[in-house]
Each structure stands twice: as C-alpha cells, then as structure tokens.
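The structure file work-v5.csv is reproduced below (CSV, C-alpha atoms and all ligand atoms).
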chain,number,residue,atom,x,y,z
A,615,MET,CA,146.6,-5.2,341.9
A,616,GLU,CA,146.7,-4.0,338.3
A,617,LYS,CA,145.1,-6.7,336.1
A,618,TYR,CA,146.1,-5.2,332.7
A,619,GLY,CA,142.7,-6.0,331.3
A,620,TYR,CA,143.0,-9.7,332.0
A,621,LYS,CA,140.0,-11.7,333.3
A,622,PHE,CA,140.7,-14.8,335.4
A,623,SER,CA,138.7,-18.0,335.8
A,624,PHE,CA,138.8,-21.4,337.4
A,625,GLY,CA,136.5,-24.4,337.8
A,626,PRO,CA,134.9,-25.5,341.1
A,627,TRP,CA,136.9,-28.7,340.8
A,628,ASN,CA,140.0,-26.5,341.6
A,629,ILE,CA,138.9,-26.3,345.2
A,630,SER,CA,139.2,-29.9,346.1
A,631,SER,CA,139.0,-32.3,349.1
A,632,GLY,CA,142.4,-33.7,348.3
A,633,ALA,CA,141.4,-37.2,347.5
A,634,ASP,CA,143.7,-39.1,345.2
A,635,PRO,CA,143.8,-42.6,343.8
A,636,PHE,CA,145.6,-43.8,346.9
A,637,GLY,CA,143.7,-42.1,349.7
A,638,PRO,CA,140.4,-40.5,350.6
A,639,SER,CA,139.5,-36.9,351.1
A,640,VAL,CA,141.7,-34.9,353.6
A,641,ARG,CA,139.6,-31.8,353.5
A,642,PRO,CA,135.8,-31.3,353.7
A,643,SER,CA,134.0,-31.1,350.4
A,644,LEU,CA,132.5,-27.7,349.7
A,645,SER,CA,129.3,-27.3,347.8
A,646,PHE,CA,129.2,-25.2,344.6
A,647,THR,CA,127.4,-22.5,346.6
A,648,GLU,CA,130.1,-22.5,349.3
A,649,LYS,CA,132.8,-22.1,346.6
A,650,LEU,CA,131.2,-19.2,344.8
A,651,PRO,CA,132.2,-16.4,347.2
A,652,VAL,CA,135.8,-17.5,346.9
A,653,TYR,CA,136.0,-16.3,343.3
A,654,LYS,CA,135.7,-12.6,343.9
A,655,LYS,CA,137.6,-12.7,347.2
A,656,LEU,CA,140.7,-14.1,345.3
A,657,GLY,CA,140.3,-11.6,342.4
A,658,PHE,CA,138.7,-14.0,339.9
A,659,ASP,CA,136.0,-12.9,337.4
A,660,ALA,CA,134.5,-16.1,335.9
A,661,VAL,CA,133.6,-19.7,336.5
A,662,GLN,CA,134.5,-22.7,334.3
A,663,PHE,CA,131.9,-25.5,334.4
A,664,HIS,CA,131.6,-29.1,333.7
A,665,ASP,CA,128.0,-29.6,332.8
A,666,ASP,CA,127.3,-31.4,336.1
A,667,ASP,CA,129.1,-28.7,338.2
A,668,ALA,CA,126.1,-26.5,337.1
A,669,VAL,CA,123.4,-29.2,337.1
A,670,PRO,CA,124.3,-32.3,339.2
A,671,GLU,CA,122.9,-35.7,338.2
A,672,LEU,CA,121.7,-34.3,334.9
A,673,ASP,CA,121.4,-37.8,333.4
A,674,ASP,CA,118.3,-38.2,335.6
A,675,LEU,CA,116.7,-35.0,334.5
A,676,SER,CA,114.6,-33.9,331.5
A,677,PRO,CA,116.0,-31.2,329.1
A,678,THR,CA,113.4,-28.8,330.6
A,679,GLN,CA,114.5,-29.5,334.1
A,680,ILE,CA,118.1,-29.2,333.2
A,681,ARG,CA,117.5,-25.8,331.6
A,682,ALA,CA,115.6,-24.6,334.7
A,683,ARG,CA,118.4,-25.6,337.1
A,684,ALA,CA,121.0,-24.0,334.9
A,685,ARG,CA,119.0,-20.8,334.9
A,686,ALA,CA,119.1,-20.8,338.7
A,687,VAL,CA,122.8,-21.1,338.6
A,688,HIS,CA,123.0,-18.2,336.2
A,689,GLN,CA,121.2,-16.2,338.8
A,690,GLN,CA,123.7,-17.2,341.5
A,691,LEU,CA,126.5,-16.0,339.2
A,692,ASN,CA,124.8,-12.7,338.7
A,693,ASP,CA,124.3,-12.3,342.4
A,694,GLU,CA,128.1,-12.8,342.9
A,695,GLY,CA,129.0,-10.5,340.0
A,696,LEU,CA,130.5,-13.5,338.1
A,697,VAL,CA,130.1,-14.8,334.6
A,698,ALA,CA,130.4,-18.3,333.1
A,699,GLU,CA,133.4,-18.8,330.8
A,700,PHE,CA,132.6,-22.2,329.4
A,701,VAL,CA,130.8,-25.5,329.9
A,702,ALA,CA,132.5,-28.9,329.3
A,703,PRO,CA,130.5,-32.1,329.0
A,704,ARG,CA,131.7,-34.6,331.5
A,705,LEU,CA,132.0,-37.7,329.3
A,706,TRP,CA,134.1,-39.8,331.6
A,707,GLU,CA,132.1,-40.8,334.7
A,708,ASN,CA,128.9,-42.4,333.5
A,709,PRO,CA,129.1,-46.2,332.9
A,710,LYS,CA,128.1,-45.5,329.3
A,711,THR,CA,131.4,-43.8,328.8
A,712,ILE,CA,133.7,-46.6,330.0
A,713,ASP,CA,134.9,-47.3,326.5
A,714,GLY,CA,134.9,-43.6,325.5
A,715,GLY,CA,132.2,-41.1,324.6
A,716,TYR,CA,132.2,-40.2,321.0
A,717,THR,CA,134.6,-43.0,320.1
A,718,SER,CA,133.0,-45.8,322.1
A,719,ASN,CA,132.8,-49.1,320.1
A,720,ASN,CA,129.1,-49.3,321.2
A,721,ALA,CA,126.8,-47.3,318.9
A,722,GLN,CA,124.2,-46.6,321.7
A,723,GLU,CA,126.9,-45.3,323.9
A,724,ARG,CA,128.1,-42.9,321.2
A,725,VAL,CA,124.5,-41.7,321.0
A,726,TYR,CA,124.5,-41.1,324.8
A,727,ALA,CA,127.7,-39.0,324.5
A,728,LEU,CA,126.2,-36.8,321.8
A,729,GLU,CA,122.9,-36.4,323.7
A,730,ARG,CA,124.8,-35.5,326.9
A,731,SER,CA,126.9,-33.0,325.0
A,732,LYS,CA,123.7,-31.4,323.6
A,733,ARG,CA,122.5,-31.0,327.2
A,734,ALA,CA,125.8,-29.3,328.1
A,735,VAL,CA,125.2,-26.9,325.2
A,736,ASP,CA,121.7,-26.1,326.7
A,737,ILE,CA,123.4,-25.5,330.0
A,738,ALA,CA,125.9,-23.1,328.4
A,739,ASN,CA,123.1,-21.2,326.8
A,740,GLU,CA,121.3,-20.8,330.1
A,741,LEU,CA,124.6,-19.7,331.8
A,742,GLY,CA,125.1,-17.0,329.2
A,743,THR,CA,128.2,-18.4,327.4
A,744,ASN,CA,128.6,-19.8,323.9
A,745,LEU,CA,131.9,-21.5,324.6
A,746,MET,CA,132.1,-25.3,325.1
A,747,VAL,CA,135.4,-27.0,326.0
A,748,LEU,CA,135.9,-30.5,324.9
A,749,TRP,CA,138.5,-32.4,326.9
A,750,LEU,CA,138.3,-35.8,325.2
A,751,ALA,CA,139.1,-37.8,328.4
A,752,ARG,CA,138.3,-41.3,327.3
A,753,GLU,CA,138.7,-40.9,323.6
A,754,GLY,CA,141.7,-43.2,323.1
A,755,THR,CA,142.8,-46.6,324.1
A,756,TYR,CA,144.5,-48.8,326.7
A,757,ILE,CA,144.9,-51.5,324.1
A,758,ARG,CA,145.7,-50.0,320.6
A,759,GLU,CA,144.0,-52.8,318.7
A,760,ALA,CA,140.8,-52.3,320.7
A,761,LYS,CA,139.6,-49.4,318.5
A,762,ASN,CA,139.8,-48.4,314.9
A,763,VAL,CA,141.8,-45.1,314.8
A,764,VAL,CA,140.4,-44.1,311.4
A,765,GLY,CA,136.9,-44.7,312.6
A,766,ALA,CA,137.6,-42.9,315.8
A,767,ALA,CA,138.8,-39.8,314.0
A,768,HIS,CA,135.6,-39.8,312.0
A,769,HIS,CA,133.5,-40.2,315.2
A,770,LEU,CA,135.3,-37.2,316.7
A,771,LEU,CA,134.7,-35.1,313.7
A,772,LYS,CA,131.0,-36.1,313.6
A,773,ALA,CA,130.6,-35.1,317.2
A,774,VAL,CA,132.1,-31.7,316.6
A,775,ASN,CA,129.8,-31.2,313.6
A,776,THR,CA,126.7,-32.4,315.4
A,777,LEU,CA,127.3,-29.9,318.2
A,778,LEU,CA,128.0,-27.0,315.7
A,779,ASP,CA,124.8,-27.9,313.9
A,780,TYR,CA,122.8,-28.2,317.2
A,781,ASP,CA,123.6,-24.6,318.1
A,782,LYS,CA,124.6,-22.2,315.4
A,783,SER,CA,126.2,-19.7,317.8
A,784,LEU,CA,128.2,-22.4,319.7
A,785,ARG,CA,132.0,-22.1,319.7
A,786,ILE,CA,134.0,-25.2,320.6
A,787,ALA,CA,137.5,-25.1,322.2
A,788,ILE,CA,139.2,-28.5,322.1
A,789,GLU,CA,141.6,-29.2,325.0
A,790,PRO,CA,144.3,-31.7,324.0
A,791,LYS,CA,146.0,-34.1,326.4
A,792,PRO,CA,148.2,-37.0,325.5
A,793,ASN,CA,147.4,-39.5,328.2
A,794,GLU,CA,145.5,-40.0,331.5
A,795,PRO,CA,143.1,-41.5,332.0
A,796,MET,CA,143.8,-43.3,328.7
A,797,ASP,CA,147.2,-44.8,327.9
A,798,LEU,CA,147.1,-43.0,324.5
A,799,ALA,CA,144.6,-40.3,323.6
A,800,TYR,CA,143.4,-39.6,320.1
A,801,ILE,CA,143.8,-35.8,320.4
A,802,PRO,CA,147.2,-35.4,322.2
A,803,THR,CA,148.4,-32.1,321.0
A,804,MET,CA,147.4,-28.6,319.7
A,805,GLY,CA,148.2,-29.7,316.2
A,806,HIS,CA,145.7,-32.6,316.4
A,807,ALA,CA,143.0,-30.3,317.9
A,808,LEU,CA,143.6,-27.6,315.3
A,809,ALA,CA,143.5,-30.1,312.4
A,810,LEU,CA,140.2,-31.6,313.7
A,811,GLY,CA,138.7,-28.1,313.9
A,812,LEU,CA,139.8,-27.1,310.4
A,813,LEU,CA,138.1,-30.2,309.0
A,814,ALA,CA,134.8,-29.3,310.7
A,815,ASP,CA,131.8,-28.0,308.9
A,816,ASP,CA,132.2,-24.5,310.3
A,817,PRO,CA,135.9,-24.2,311.1
A,818,LYS,CA,135.5,-20.6,312.3
A,819,ARG,CA,133.7,-21.9,315.4
A,820,VAL,CA,136.3,-24.4,316.5
A,821,GLY,CA,139.4,-23.4,318.4
A,822,VAL,CA,141.5,-24.7,321.2
A,823,LEU,CA,142.3,-24.5,324.9
A,824,MET,CA,146.0,-25.0,325.8
A,825,GLU,CA,146.8,-26.5,329.2
A,826,SER,CA,150.4,-26.2,330.3
A,827,ALA,CA,150.6,-29.6,332.0
A,828,HIS,CA,149.1,-31.4,329.0
A,829,SER,CA,151.6,-29.8,326.6
A,830,ILE,CA,154.5,-30.8,328.9
A,831,LEU,CA,153.1,-34.4,329.2
A,832,ALA,CA,153.2,-34.4,325.4
A,833,GLY,CA,156.9,-33.4,325.5
A,834,LEU,CA,156.1,-30.0,324.1
A,835,ASP,CA,156.7,-26.4,325.2
A,836,PRO,CA,153.5,-24.7,326.3
A,837,SER,CA,154.5,-21.3,325.0
A,838,ASP,CA,155.1,-22.6,321.5
A,839,GLU,CA,151.7,-24.4,321.7
A,840,ILE,CA,150.1,-21.1,322.7
A,841,GLY,CA,151.9,-19.2,319.9
A,842,PHE,CA,151.0,-21.7,317.2
A,843,ALA,CA,147.3,-21.5,318.1
A,844,MET,CA,147.4,-17.7,318.5
A,845,ALA,CA,149.0,-17.3,315.1
A,846,PHE,CA,145.8,-18.5,313.6
A,847,GLY,CA,143.4,-16.8,316.0
A,848,LYS,CA,142.5,-20.2,317.5
A,849,LEU,CA,143.5,-19.9,321.2
A,850,TRP,CA,140.2,-19.2,323.0
A,851,SER,CA,141.1,-20.3,326.5
A,852,VAL,CA,144.0,-21.6,328.6
A,853,HIS,CA,144.5,-23.8,331.6
A,854,LEU,CA,147.7,-22.5,333.0
A,855,ASN,CA,149.4,-24.7,335.6
A,856,ASP,CA,152.7,-26.5,336.0
A,857,GLN,CA,154.0,-30.1,335.8
A,858,ASN,CA,157.2,-31.7,337.1
A,859,GLY,CA,158.3,-34.0,334.4
A,860,LEU,CA,156.5,-37.0,332.8
A,861,LYS,CA,154.2,-38.4,335.3
A,862,PHE,CA,150.5,-38.2,336.3
A,863,ASP,CA,148.8,-34.8,335.5
A,864,GLN,CA,149.8,-32.7,338.5
A,865,ASP,CA,148.0,-29.4,338.0
A,866,LYS,CA,150.6,-27.7,340.1
A,867,SER,CA,150.5,-23.9,340.8
A,868,PHE,CA,151.5,-21.8,337.8
A,869,GLY,CA,155.2,-21.3,337.7
A,870,SER,CA,156.0,-23.5,340.6
A,871,VAL,CA,158.2,-26.0,338.7
A,872,ASP,CA,159.8,-23.9,336.0
A,873,LEU,CA,159.6,-20.2,336.3
A,874,ARG,CA,161.1,-19.5,332.9
A,875,ARG,CA,158.6,-21.8,331.2
A,876,ALA,CA,155.8,-19.8,332.9
A,877,PHE,CA,157.4,-16.5,331.9
A,878,ASN,CA,157.5,-17.6,328.3
A,879,GLN,CA,153.8,-18.6,328.4
A,880,VAL,CA,152.9,-15.2,329.8
A,881,ARG,CA,155.3,-13.4,327.4
A,882,VAL,CA,153.7,-15.0,324.3
A,883,LEU,CA,150.1,-14.5,325.6
A,884,ASP,CA,150.8,-10.8,326.5
A,885,GLU,CA,152.8,-9.9,323.4
A,886,ASN,CA,149.8,-11.2,321.4
A,887,ARG,CA,147.2,-9.4,323.4
A,888,PHE,CA,145.4,-12.5,324.8
A,889,TRP,CA,143.4,-10.2,327.2
A,890,GLU,CA,141.4,-9.2,324.1
A,891,VAL,CA,140.7,-12.8,323.1
A,892,GLY,CA,140.0,-15.0,326.1
A,893,MET,CA,140.3,-15.4,329.9
A,894,VAL,CA,143.2,-16.7,331.9
A,895,GLY,CA,142.0,-20.0,333.3
A,896,LEU,CA,144.0,-21.6,336.0
A,897,ASP,CA,143.6,-25.4,336.2
A,898,VAL,CA,145.5,-25.9,339.5
A,899,LYS,CA,145.1,-28.2,342.4
A,900,ALA,CA,146.1,-27.7,346.1
A,901,VAL,CA,148.6,-30.3,347.2
A,902,ARG,CA,147.1,-33.0,349.4
A,903,THR,CA,149.0,-31.8,352.5
A,904,GLN,CA,147.4,-28.4,352.5
A,905,PRO,CA,145.1,-27.7,355.5
A,906,ALA,CA,141.5,-26.9,354.6
A,907,GLU,CA,141.5,-23.3,355.7
A,908,LEU,CA,144.6,-22.7,353.5
A,909,ALA,CA,143.5,-24.6,350.5
A,910,THR,CA,142.9,-21.7,348.1
A,911,LYS,CA,146.5,-20.4,348.0
A,912,HIS,CA,147.3,-22.3,344.9
A,913,LEU,CA,144.7,-20.2,343.1
A,914,SER,CA,145.7,-16.8,344.4
A,915,ASN,CA,149.4,-17.6,344.0
A,916,SER,CA,148.8,-18.7,340.4
A,917,LEU,CA,146.9,-15.5,339.6
A,918,ASN,CA,149.5,-13.3,341.2
A,919,MET,CA,152.3,-15.2,339.4
A,920,PHE,CA,150.6,-14.5,336.1
A,921,LEU,CA,150.3,-10.8,336.9
A,922,ARG,CA,153.9,-10.6,338.2
A,923,LEU,CA,155.1,-12.3,335.0
A,924,VAL,CA,153.2,-9.8,332.9
A,925,GLU,CA,155.2,-7.1,334.6
A,926,THR,CA,158.4,-9.1,334.1
A,927,SER,CA,157.6,-9.6,330.4
A,928,ARG,CA,156.7,-5.9,329.8
A,929,SER,CA,159.8,-4.7,331.6
A,930,LEU,CA,162.2,-6.9,329.6
A,931,ASP,CA,164.5,-4.6,327.6
A,932,ARG,CA,163.2,-5.1,324.1
A,933,LYS,CA,165.9,-3.0,322.5
A,934,ALA,CA,168.6,-5.1,324.2
A,935,VAL,CA,166.8,-8.3,323.1
A,936,ALA,CA,166.6,-7.1,319.5
A,937,ASP,CA,170.3,-6.1,319.5
A,938,LEU,CA,171.4,-9.5,320.8
A,939,ILE,CA,169.2,-11.2,318.2
A,940,ALA,CA,170.8,-9.1,315.4
A,941,ALA,CA,174.3,-10.0,316.7
A,942,ARG,CA,173.2,-13.7,316.9
A,943,ASP,CA,174.5,-13.6,320.5
A,944,TYR,CA,171.9,-16.0,321.9
A,945,GLU,CA,174.2,-16.9,324.9
A,946,GLU,CA,174.0,-13.3,326.0
A,947,LEU,CA,170.3,-13.2,325.3
A,948,ASP,CA,169.9,-16.3,327.6
A,949,TRP,CA,171.9,-14.4,330.3
A,950,LEU,CA,169.8,-11.3,329.8
A,951,VAL,CA,166.6,-13.3,330.3
A,952,LEU,CA,167.9,-15.2,333.3
A,953,SER,CA,169.2,-11.9,334.9
A,954,HIS,CA,165.9,-10.3,334.3
A,955,LEU,CA,164.0,-13.2,335.9
A,956,MET,CA,166.3,-12.9,338.9
A,957,GLY,CA,165.5,-9.2,339.2
A,958,LYS,CA,169.0,-8.4,337.8
A,1001,LIG,C1,141.8,-32.9,332.7
A,1001,LIG,C2,141.5,-31.5,332.7
A,1001,LIG,C3,140.1,-31.1,332.8
A,1001,LIG,C4,139.6,-30.2,331.7
A,1001,LIG,C5,138.1,-29.8,331.8
A,1001,LIG,O1,143.1,-33.1,332.8
A,1001,LIG,O2,142.4,-30.7,332.6
A,1001,LIG,O3,139.9,-30.4,334.0
A,1001,LIG,O4,140.3,-29.0,331.8
A,1001,LIG,O5,137.3,-30.9,331.6
A,1002,MN,MN,142.3,-28.6,332.1

This structure in structure tokens:
Amino acid sequence: MEKYGYKFSFGPWNISSGADPFGPSVRPSLSFTEKLPVYKKLGFDAVQFHDDDAVPELDDLSPTQIRARARAVHQQLNDEGLVAEFVAPRLWENPKTIDGGYTSNNAQERVYALERSKRAVDIANELGTNLMVLWLAREGTYIREAKNVVGAAHHLLKAVNTLLDYDKSLRIAIEPKPNEPMDLAYIPTMGHALALGLLADDPKRVGVLMESAHSILAGLDPSDEIGFAMAFGKLWSVHLNDQNGLKFDQDKSFGSVDLRRAFNQVRVLDENRFWEVGMVGLDVKAVRTQPAELATKHLSNSLNMFLRLVETSRSLDRKAVADLIAARDYEELDWLVLSHLMGK
C-alpha cells in the first residue's frame, strides 16, 4: 500500500494481554523480542518506548548497566530494520511515584523522578533517538488541596529544564491528558503543554504529542489540537486512536467511533505535511474479547484507516470546498464532506 512518505510507530504496550482493572489477562503476554517481528509484518517502521520497555527493572541497575542493555536493544532494532521514535520515562509504577513524580510533595521522591528521567534520556541516546515523550501520569491530584498548584507548575518547569540541560540535543514532547489515573491532571490540554514549553530555558526543544483520546476526554477536538500545535511547529508526534465519550481512556482503533473526527485529524496532518515532521504513532489497544492470534488487527486496521483517510482527504474536491466557503453555504459544505466520506 502507498504510504505517502508517512512512517508509522507504536509501543510494545499496544500488543497487550487484555488485563483490565476488573479481570486478569485473557491472552498470553509476549516478550519484547516476540513483539518485534510484528512491526514490519504489519507495515510499521518504528518503536515507541517507555524506558523500561527497553530496559526492564532499570531501578535496580547502574547507569552503565542501563546503557549497555539499551545498546543491545538498539542492535535488536537494527536487525529488524526498525528505529526508535521516542523514549518516555515511566513515572507511575514505582512506589516512589505514588504521590506524583516531578510534583510529589516529597522532595526525595522528586529527586527520584528526575534521576529516573535522566536514565530514560541515556536510554534514548543508546537507542538512537533524541526525542523524549513526557506523559505526566501522576502529576495532578485526587484531592485538590493535597498539592500546591503554583508549586507544582514550578516543579514541572524545573523538570523540563533539568532534562534540557542534562542533554543539549534532547527534544521533549509533552503529552497532555486531563485525567486518569489522576482525577485532575496539571497538564490537561495542548495549550498547557505548549505554555510550559514556551516558558522553558530552551523553548525550541520542547514540543507536544497529541493523543486523540486525551483531547476528546478534555472535551476538545483532536484536529483543532493538532492544528494549533502545527501552526507553531510544535507537533512532533501523535497518538492517534479513538474514544467513545467521556469515560476511561479507551485507546480504541483509529476512526472506530467517529469517522469524520478521524478524517479531520488526517486532513489537518496531511494538509500541513506532517510526514515531514514526525511519525504517525498509533496508541491503540485490542478489545479484551479479541482472541490472541487475532490481537494485532487493531494496529493494522488503524494504520490502514490512516492511509485510506489520506486518500479521502486528498480526493476531496478543494475547488468545490472553496466555492462553498466563498458562498458561506456551510450546510452544503457539510453535505459535500458527508457524501465524500460515504464514497458519494
Ligand atoms: C497514557 C498514554 C501513554 C503514553 C506514553 O494514557 O497514552 O501510553 O502515551 O507514556
Ligand atoms: Mn498515549
């Protein structure tokens, strides 16, 4: 299939055993090594990493050991013809991150979060990428009065600055999400992420990752979030998926809930030449009912949906759109788009 110059990525967590908060695994867990061959087979080019996807149990290892293990993973990627897109520090599982990472009320735990993040930068270096994604999972509150929001904002800025200073070639893409696991997160939207980046010591090296489900959970439109960030050259990665209303983060296959919403994300990405800027990441999960041997279809379907929507966007009659805009006949424009999505 024509890929229009786009490169595609996903994280090993997107091939899952189907466990959820109410029930255990329903499919066998595959090791990282078992997952790797799936990438090329499904038409993907790159791997997204949490730090411990590359180096499990890194809290028990020295910096030198961590680097050596990451180097071995880089070799595995090379052998498969894959590259690493980014590394994200997992600051939400260790007991020291119960109250948050960078915004924990405990000073020693904030130090842990920064040290762990530096190790994630080391891993990124060894994997051959200079991109770090910060999903600020536990930086927020269950009980609003439990933290000082002004202090938390400063802690977040300090974390970004510390990492920018630690590695002068590092680029950071902040991934906003309004809730889950926290009741209320400190960086809920693109606007918050961009503002934090612009306040950093080297704003040129801070951008964003837009995840569709996260935007929807914030009550926003993902294509407008994409466009706002792209207007300023700040969209460096995406997690395309879908989300059915305001509930837990579903990570459904791209376009599976709202095809027009997916179309608009692709339209804005494609009209603004995203293939020149970043990779198309798909943060999608197979539904729990999916049998093990069929549990990669959410990935191939999402990739194919993206490419089909590129075709749909490029074949939209731009002259007809412009004429309807000039006539301010937006009802007819609505019909034109719907008819186009239905294949006329
Ligand atoms: C969480 C989420 C994560 C990040 C990477 O909702 O989307 O997978 O994308 O840490
Ligand atoms: Mn994500």

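Pairwise distance (atom CA of A:His688, atom CA of A:Ile786) equals 20.3 Å.
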
Set the cut-off to 9 Å, count all atoms listed in the file, and list whatever residues fall near ligand LIG 1001 (chain A) as a ChimeraX atom specification. /A:625,627-628,662-664,701-705,747-751,789-791,793-795,823,825,827-828,852-853,863-865,897-898

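Using only C-alpha atoms and all ligand atoms, the shortest contact distance between ligand MN 1002 (chain A) and any of A:Asp838, A:Ala934, A:Ser623, A:Ala773 is found at A:Ser623.
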
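Closest approach to ligand MN 1002 (chain A) among A:His912, A:Lys818, A:Lys899, A:Lys958: A:Lys899, based on only C-alpha atoms and all ligand atoms.
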
Contacts of A:Ala843 within 9 Å, all atoms listed in the file, excl. fewer than 3 positions in-chain, as JSON, numbers by chain: {"A": [804, 805, 808, 821, 822, 823, 824, 838, 839, 840, 846, 847, 848, 849, 850]}

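Distance annotation: of A:Leu923, A:Ala787, A:Val687, A:Ala633, the residue with the minimal separation from ligand MN 1002 (chain A) is A:Ala787; atom set is all atoms listed in the file.
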
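For the pair atom CA of A:Ser870 and atom CA of A:Met919, the interatomic distance is 9.2 Å.
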
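When all atoms listed in the file are used to compute distances to ligand MN 1002 (chain A), the closest of the residues A:Gly895, A:Gly742, A:Pro709, A:Pro677 turns out to be A:Gly895.
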
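Taking atom CA of A:His769 as the reference point, atom CA of A:Thr755 is found at 14.4 Å.
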
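Residues in contact range of stretch 888-894 of chain A, defined as at most 10 Å between only C-alpha atoms, with sequence neighbours fewer than 5 positions away removed, read Lys617, Tyr618, Gly619, Tyr620, Lys621, Phe622, Ser623, Phe624, Phe658, Asp659, Ala660, Glu699, Leu823, Met844, Gly847, Lys848, Leu849, Trp850, Ser851, Val852, His853, Leu854, Val880, Val882, Leu883, Leu917 and Phe920 of chain A.
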
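Restricting the calculation to all atoms listed in the file, the smallest distance between ligand MN 1002 (chain A) and any of A:Ala814, A:Val935, A:Ile788, A:Val764 is found for A:Ile788.
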
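Shell of A:Ala738 at 7 Å, with all atoms listed in the file counted and residues fewer than 5 places along the chain excluded, is Phe700, Val701, Thr743 and Asn744 of chain A.
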
File of the preceding selection, C-alpha atoms, as a compact mmCIF listing (two decimals), in the frame of the given file:
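Output contents, as saved in out.txt:
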# COMPACT_ATOMS: atom_id res chain seq x y z
CA PHE A 700 132.60 -22.20 329.40
CA VAL A 701 130.80 -25.50 329.90
CA THR A 743 128.20 -18.40 327.40
CA ASN A 744 128.60 -19.80 323.90

So that I can check the surroundings of stretch 639-653 of chain A, please list as JSON, numbers by chain every protein, DNA and RNA residue that reaches within 12 Å of it, counting only C-alpha atoms and ignoring chain neighbours fewer than 2 positions away. {"A": [621, 622, 623, 624, 625, 626, 627, 628, 629, 630, 631, 632, 633, 634, 635, 636, 637, 655, 656, 657, 658, 659, 660, 661, 662, 663, 664, 666, 667, 668, 669, 670, 686, 687, 688, 689, 690, 691, 692, 693, 694, 695, 696, 697, 698, 900, 901, 902, 903, 904, 905, 906, 907, 908, 909, 910, 911, 913, 914, 917]}

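Minimum atom-to-atom distances from A:Leu834, A:Asn858, A:Leu896, A:Glu616 to ligand MN 1002 (chain A) were compared using only C-alpha atoms and all ligand atoms, and the lowest value belongs to A:Leu896.
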